[in-house]
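To start, the structure under review is shown below, and the notes come after it.
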Amino acid sequence: MPLSVALRWWYSLKRHTLMAKKIIDLKGSILSFTVLKLYNDNIDETKQALADKIAKAADFFIGIPIVLEPQVELKNPTYLALLIEYLRQLQMIPIGIRSEDPAIQEQAEFAGLALFPKETSKKKMPKEIEDKPVQAAAPQPVEEGLASAMRVARAVRSGQQIYAKNRDLIIMGSVNPGSEVIADGNVFVFGKVMGKVIAGSSGAEDARIYAKQLNPELVCIAGVYLLAEDIDDVYKQSFVEISLNNDKLVFNNKILD
Amino acid sequence: MSKVIVVTSGKGGVGKTTTSASISTGLAQKGNKVCVIDFDVGLRNLDLIMGCERRVVYDFVNVVQGEASLKQALIKDKRVPNLFILAASQTRDKDALTQEGVEKVIEDLKADGFDYIVCDSPAGIEKGAQLALYFADEAIIVTNPEVSSVRDSDRILGILQAKSRRAEQGEEPIIEHLVLTRYNPGRVDSGEMMAADDVIELLSVKLLGVVPESEDVLNASNSGEPVIMDEESKAAQAYKDIVDRFLGEEKEHRFLTAEKKSLLKKLFGK
Ligand SMILES: Nc1ncnc2c1ncn2[C@@H]1O[C@H](COP(=O)(O)OP(=O)(O)O)[C@@H](O)[C@H]1O
Ligand SMILES: [Mg+2]
């Protein structure tokens, strides 16, 4: 996710300047990336498909790190190099590739891309309270876990961005076109969603989005996103819940029935 | 108590200056002492619409820069008592206005007993527009019924709520009013323009009034007279309603639906 990545960079930078002495920190994988799955090794068709996709939300893709995931054998030896160049032209940042195919791995190494394992470890949100075993011992100081939700008692307007770090986000008004609301936890919108909504921005795959009415520019959970055109109109009429299941966004408009 | 009103929109060419001129005139006609300030440095067209362009000796920038006194720069309207214009400079660049300078002018106008200080904002969301709205107590958001205009108004509302003096000092927020102008019900019905309800819902701002698309506006500005003075005109009636509502009167909204032409009118093409 571009925003969450940028924000986390910023936060880690801030931490570094606050902490004395420490020069660097090498942490485990906390970032989630946008994965570009490739179902076709024709470079022109791939480029066209990318251009079409991006035209709808060009800003969103600027500067975002991309991991390529070929789903087919890449017979054309120049395909990867051409694709990488094209992604850079679009101001995206191809950083790695996810594939078990030795031929592709070799091409990737040649192109200077990192190799990612097929399945990355999943990050979970802290367990719900009911799940917790009753603790007899003195409570540990809380290091992790969500703080109480951030509440915004108005509409979020074009050009505004709201980020709820490590917690849920509740928007009482609408999320207007050209605005973005982002949370590491769940996002609840009591008005209409017409802008971008991002839940689980640090990679929590069990984060969800709830909206009174949804006609968004983009919805995204833990890096998996859909643009408006990809969302079935039946989910744009009434209250809807969005969750992530097997790397796919699942829409449910019946939870209040 | 003086009130500072900003007339703003984000987008250009939507009717801010037209609205500033008519509302200022209307407020003065009701007996208030009003000053209307052109913040659009470099473009300067409020004075044209108010018909006083030949009487501009000193302008707003001169006062802000301390090159002239407020008294020297205030132009008294020839038609309506208690109405004064502070013109923008045509020759200076946008950075000629400073926040301290503007604040001083506004404080001086308040001390002079002006009831309303109307700030006609330049287009955009950058410094010039931010300066025009910074000291506002109330805002009139001027929007046309089309997507890009509404989007820009939404943006400027966000700035009002975040970057005005009231916001920065944690005071009561600026009171927001919506003026939907160049409204053409026929084109709304045919789906070419956004309906008033949709604009209001998206912006969530209370509607102050709808001004219909009207040729009288251009004619008025060509003759240097705010359109509100053209008694016959629908646009004038719309602006009169707007002034009345602004002053607290309850009035039903008009000009929202297409006029049904009677057979007779159709026959005679009127
Ligand atoms: N209600 C209206 N009907 C027709 N034309 C209008 C109306 N309001 C404004 N206009 C025209 O739109 C143009 C821009 O108006 P102006 O008040 O100068 O906008 P702004 O100050 O927002 O740039 C002018 O040519 C003006 O005559
Ligand atoms: Mg203007």
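We label chains A, B, ... in the order they appear in the structure tokens, count residues from 1 in each chain, and number ligands from 1 in the order shown.
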Test item: residues at most 7 Å from region 50-67 of chain B, only C-alpha atoms, excluding those fewer than 4 positions along its chain, as a PDB file with all heavy atoms, in the first residue's frame:
```
ATOM      1  N   ALA B  21     -20.907  41.143  -5.544  1.00  0.00           N
ATOM      2  CA  ALA B  21     -21.438  42.466  -5.888  1.00  0.00           C
ATOM      3  C   ALA B  21     -22.913  42.572  -5.504  1.00  0.00           C
ATOM      4  O   ALA B  21     -23.335  43.549  -4.884  1.00  0.00           O
ATOM      5  CB  ALA B  21     -21.263  42.723  -7.386  1.00  0.00           C
ATOM      6  N   LEU B  46     -14.109  43.174  -9.854  1.00  0.00           N
ATOM      7  CA  LEU B  46     -15.214  43.607  -9.007  1.00  0.00           C
ATOM      8  C   LEU B  46     -15.581  45.064  -9.323  1.00  0.00           C
ATOM      9  O   LEU B  46     -16.759  45.413  -9.415  1.00  0.00           O
ATOM     10  CB  LEU B  46     -14.822  43.466  -7.526  1.00  0.00           C
ATOM     11  CG  LEU B  46     -15.877  43.928  -6.537  1.00  0.00           C
ATOM     12  CD1 LEU B  46     -17.068  42.977  -6.526  1.00  0.00           C
ATOM     13  CD2 LEU B  46     -15.292  44.050  -5.134  1.00  0.00           C
ATOM     14  N   GLN B  72      -8.501  56.835   1.768  1.00  0.00           N
ATOM     15  CA  GLN B  72      -8.179  57.209   0.389  1.00  0.00           C
ATOM     16  C   GLN B  72      -8.620  56.134  -0.611  1.00  0.00           C
ATOM     17  O   GLN B  72      -8.962  56.432  -1.742  1.00  0.00           O
ATOM     18  CB  GLN B  72      -6.662  57.423   0.239  1.00  0.00           C
ATOM     19  CG  GLN B  72      -6.149  58.701   0.855  1.00  0.00           C
ATOM     20  CD  GLN B  72      -4.635  58.754   0.796  1.00  0.00           C
ATOM     21  OE1 GLN B  72      -3.952  57.853   1.262  1.00  0.00           O
ATOM     22  NE2 GLN B  72      -4.109  59.824   0.213  1.00  0.00           N
ATOM     23  N   ALA B  73      -8.560  54.875  -0.174  1.00  0.00           N
ATOM     24  CA  ALA B  73      -8.795  53.773  -1.121  1.00  0.00           C
ATOM     25  C   ALA B  73     -10.257  53.347  -1.205  1.00  0.00           C
ATOM     26  O   ALA B  73     -10.667  52.762  -2.205  1.00  0.00           O
ATOM     27  CB  ALA B  73      -7.920  52.582  -0.748  1.00  0.00           C
ATOM     28  N   LEU B  86     -13.452  48.238  -2.145  1.00  0.00           N
ATOM     29  CA  LEU B  86     -11.999  48.286  -2.072  1.00  0.00           C
ATOM     30  C   LEU B  86     -11.498  47.436  -3.244  1.00  0.00           C
ATOM     31  O   LEU B  86     -11.613  46.218  -3.237  1.00  0.00           O
ATOM     32  CB  LEU B  86     -11.540  47.719  -0.729  1.00  0.00           C
ATOM     33  CG  LEU B  86     -10.178  48.090  -0.186  1.00  0.00           C
ATOM     34  CD1 LEU B  86      -9.906  49.584  -0.292  1.00  0.00           C
ATOM     35  CD2 LEU B  86     -10.059  47.633   1.269  1.00  0.00           C
ATOM     36  N   ALA B  87     -10.988  48.120  -4.265  1.00  0.00           N
ATOM     37  CA  ALA B  87     -10.653  47.429  -5.517  1.00  0.00           C
ATOM     38  C   ALA B  87      -9.326  46.689  -5.396  1.00  0.00           C
ATOM     39  O   ALA B  87      -8.482  47.028  -4.570  1.00  0.00           O
ATOM     40  CB  ALA B  87     -10.579  48.443  -6.655  1.00  0.00           C
ATOM     41  N   ALA B  88      -9.153  45.690  -6.266  1.00  0.00           N
ATOM     42  CA  ALA B  88      -7.867  44.989  -6.318  1.00  0.00           C
ATOM     43  C   ALA B  88      -6.954  45.741  -7.266  1.00  0.00           C
ATOM     44  O   ALA B  88      -7.388  46.528  -8.088  1.00  0.00           O
ATOM     45  CB  ALA B  88      -8.068  43.569  -6.800  1.00  0.00           C
ATOM     46  N   SER B  89      -5.677  45.483  -7.144  1.00  0.00           N
ATOM     47  CA  SER B  89      -4.722  46.112  -8.035  1.00  0.00           C
ATOM     48  C   SER B  89      -4.604  45.282  -9.300  1.00  0.00           C
ATOM     49  O   SER B  89      -4.652  44.065  -9.270  1.00  0.00           O
ATOM     50  CB  SER B  89      -3.370  46.187  -7.352  1.00  0.00           C
ATOM     51  OG  SER B  89      -2.391  46.503  -8.301  1.00  0.00           O
ATOM     52  N   ALA B  96       1.582  40.448  -3.138  1.00  0.00           N
ATOM     53  CA  ALA B  96       1.539  41.777  -2.558  1.00  0.00           C
ATOM     54  C   ALA B  96       0.670  41.817  -1.293  1.00  0.00           C
ATOM     55  O   ALA B  96       0.811  42.716  -0.482  1.00  0.00           O
ATOM     56  CB  ALA B  96       1.022  42.774  -3.586  1.00  0.00           C
ATOM     57  N   LEU B  97      -0.220  40.852  -1.135  1.00  0.00           N
ATOM     58  CA  LEU B  97      -1.060  40.829   0.073  1.00  0.00           C
ATOM     59  C   LEU B  97      -0.389  39.998   1.165  1.00  0.00           C
ATOM     60  O   LEU B  97       0.064  38.889   0.907  1.00  0.00           O
ATOM     61  CB  LEU B  97      -2.435  40.233  -0.244  1.00  0.00           C
ATOM     62  CG  LEU B  97      -3.338  41.022  -1.194  1.00  0.00           C
ATOM     63  CD1 LEU B  97      -4.651  40.286  -1.375  1.00  0.00           C
ATOM     64  CD2 LEU B  97      -3.578  42.429  -0.680  1.00  0.00           C
ATOM     65  N   GLY B 101      -1.131  42.519   6.861  1.00  0.00           N
ATOM     66  CA  GLY B 101      -1.707  43.673   6.173  1.00  0.00           C
ATOM     67  C   GLY B 101      -3.215  43.554   6.034  1.00  0.00           C
ATOM     68  O   GLY B 101      -3.956  44.510   6.285  1.00  0.00           O
ATOM     69  N   VAL B 102      -3.665  42.369   5.649  1.00  0.00           N
ATOM     70  CA  VAL B 102      -5.103  42.143   5.474  1.00  0.00           C
ATOM     71  C   VAL B 102      -5.802  42.276   6.825  1.00  0.00           C
ATOM     72  O   VAL B 102      -6.872  42.890   6.942  1.00  0.00           O
ATOM     73  CB  VAL B 102      -5.361  40.753   4.851  1.00  0.00           C
ATOM     74  CG1 VAL B 102      -6.844  40.422   4.864  1.00  0.00           C
ATOM     75  CG2 VAL B 102      -4.817  40.694   3.420  1.00  0.00           C
ATOM     76  N   VAL B 105      -6.343  45.887   7.729  1.00  0.00           N
ATOM     77  CA  VAL B 105      -7.439  46.501   6.971  1.00  0.00           C
ATOM     78  C   VAL B 105      -8.788  46.076   7.551  1.00  0.00           C
ATOM     79  O   VAL B 105      -9.680  46.906   7.772  1.00  0.00           O
ATOM     80  CB  VAL B 105      -7.345  46.116   5.472  1.00  0.00           C
ATOM     81  CG1 VAL B 105      -8.599  46.571   4.727  1.00  0.00           C
ATOM     82  CG2 VAL B 105      -6.099  46.728   4.840  1.00  0.00           C
ATOM     83  N   GLY B 224     -22.147  47.811 -15.820  1.00  0.00           N
ATOM     84  CA  GLY B 224     -21.532  48.228 -14.563  1.00  0.00           C
ATOM     85  C   GLY B 224     -22.509  48.388 -13.428  1.00  0.00           C
ATOM     86  O   GLY B 224     -22.387  49.292 -12.605  1.00  0.00           O
ATOM     87  N   GLU B 225     -23.498  47.508 -13.392  1.00  0.00           N
ATOM     88  CA  GLU B 225     -24.496  47.595 -12.341  1.00  0.00           C
ATOM     89  C   GLU B 225     -24.730  46.185 -11.792  1.00  0.00           C
ATOM     90  O   GLU B 225     -25.015  45.273 -12.572  1.00  0.00           O
ATOM     91  CB  GLU B 225     -25.796  48.125 -12.946  1.00  0.00           C
ATOM     92  CG  GLU B 225     -26.765  48.621 -11.922  1.00  0.00           C
ATOM     93  CD  GLU B 225     -27.999  49.229 -12.601  1.00  0.00           C
ATOM     94  OE1 GLU B 225     -28.841  48.463 -13.086  1.00  0.00           O
ATOM     95  OE2 GLU B 225     -28.105  50.459 -12.612  1.00  0.00           O
ATOM     96  N   PRO B 226     -24.591  45.973 -10.496  1.00  0.00           N
ATOM     97  CA  PRO B 226     -24.830  44.629  -9.951  1.00  0.00           C
ATOM     98  C   PRO B 226     -26.213  44.148 -10.369  1.00  0.00           C
ATOM     99  O   PRO B 226     -27.174  44.926 -10.347  1.00  0.00           O
ATOM    100  CB  PRO B 226     -24.757  44.830  -8.437  1.00  0.00           C
ATOM    101  CG  PRO B 226     -23.975  46.074  -8.245  1.00  0.00           C
ATOM    102  CD  PRO B 226     -24.247  46.934  -9.437  1.00  0.00           C
TER     103      PRO B 226
END
```
query: For chain A against chain B, which residues fall within 6 Å using only C-alpha atoms, given as number ranges by chain?
result: A: 157-159
Selected residues written out, C-alpha atoms, as an mmCIF file, in the first residue's frame:
```cif
data_model
loop_
_atom_site.group_PDB
_atom_site.id
_atom_site.type_symbol
_atom_site.label_atom_id
_atom_site.label_comp_id
_atom_site.auth_asym_id
_atom_site.auth_seq_id
_atom_site.Cartn_x
_atom_site.Cartn_y
_atom_site.Cartn_z
ATOM 1 C CA ARG A 157 -13.860 16.392 2.040
ATOM 2 C CA SER A 158 -12.023 16.300 -1.262
ATOM 3 C CA GLY A 159 -8.276 16.610 -0.714
#
```
Distance filter 8 Å around ligand 1, atoms: only C-alpha atoms and all ligand atoms, out as a ChimeraX atom specification: /B:8-9,11-20,45-46,120-123,142,181-183,211-219,221,235
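Using only C-alpha atoms and all ligand atoms for every distance, the candidate list B:Ala220, B:Ala132, B:Leu109, B:Val34 yields B:Ala132 as the residue closest to ligand 2.
Interatomic distance, CA of Asp47 (chain B) against CA of Gln130 (chain B): 21.5 Å.
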Val240 (chain A) environment, 9 Å, only C-alpha atoms, sequence neighbours closer than 5 positions dropped, as a PDB file with C-alpha atoms, in the first residue's frame:
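So the final result, stored in around_13.pdb, reads:
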```
ATOM      1  CA  ILE A 209     -14.899  -2.015   5.915  1.00  0.00           C
ATOM      2  CA  TYR A 210     -18.502  -1.105   6.725  1.00  0.00           C
ATOM      3  CA  ALA A 211     -20.392   1.565   4.843  1.00  0.00           C
ATOM      4  CA  LYS A 212     -23.934   2.846   4.866  1.00  0.00           C
ATOM      5  CA  GLN A 213     -23.682   3.301   1.138  1.00  0.00           C
ATOM      6  CA  LEU A 214     -20.758   2.592  -1.102  1.00  0.00           C
ATOM      7  CA  TYR A 235     -23.380  -3.590  -3.453  1.00  0.00           C
ATOM      8  CA  PHE A 251     -18.954  -7.989  -0.287  1.00  0.00           C
ATOM      9  CA  ASN A 252     -21.939  -8.695   1.930  1.00  0.00           C
ATOM     10  CA  ASN A 253     -25.058  -6.531   1.847  1.00  0.00           C
ATOM     11  CA  LYS A 254     -27.183  -8.869   3.941  1.00  0.00           C
ATOM     12  CA  ILE A 255     -25.582  -8.587   7.354  1.00  0.00           C
ATOM     13  CA  LEU A 256     -28.302  -6.281   8.667  1.00  0.00           C
TER      14      LEU A 256
END
```
task: Among the residues of region 89-252 of chain A, find those DSSP assigns to strand (DSSP E) from the backbone and print them as a PyMOL selection string.
output: chain A and resi 93-98+114-116+147-152+161-164+167-171+180-183+187-193+196-199+209-214+218-221+224-227+240-245+248-252
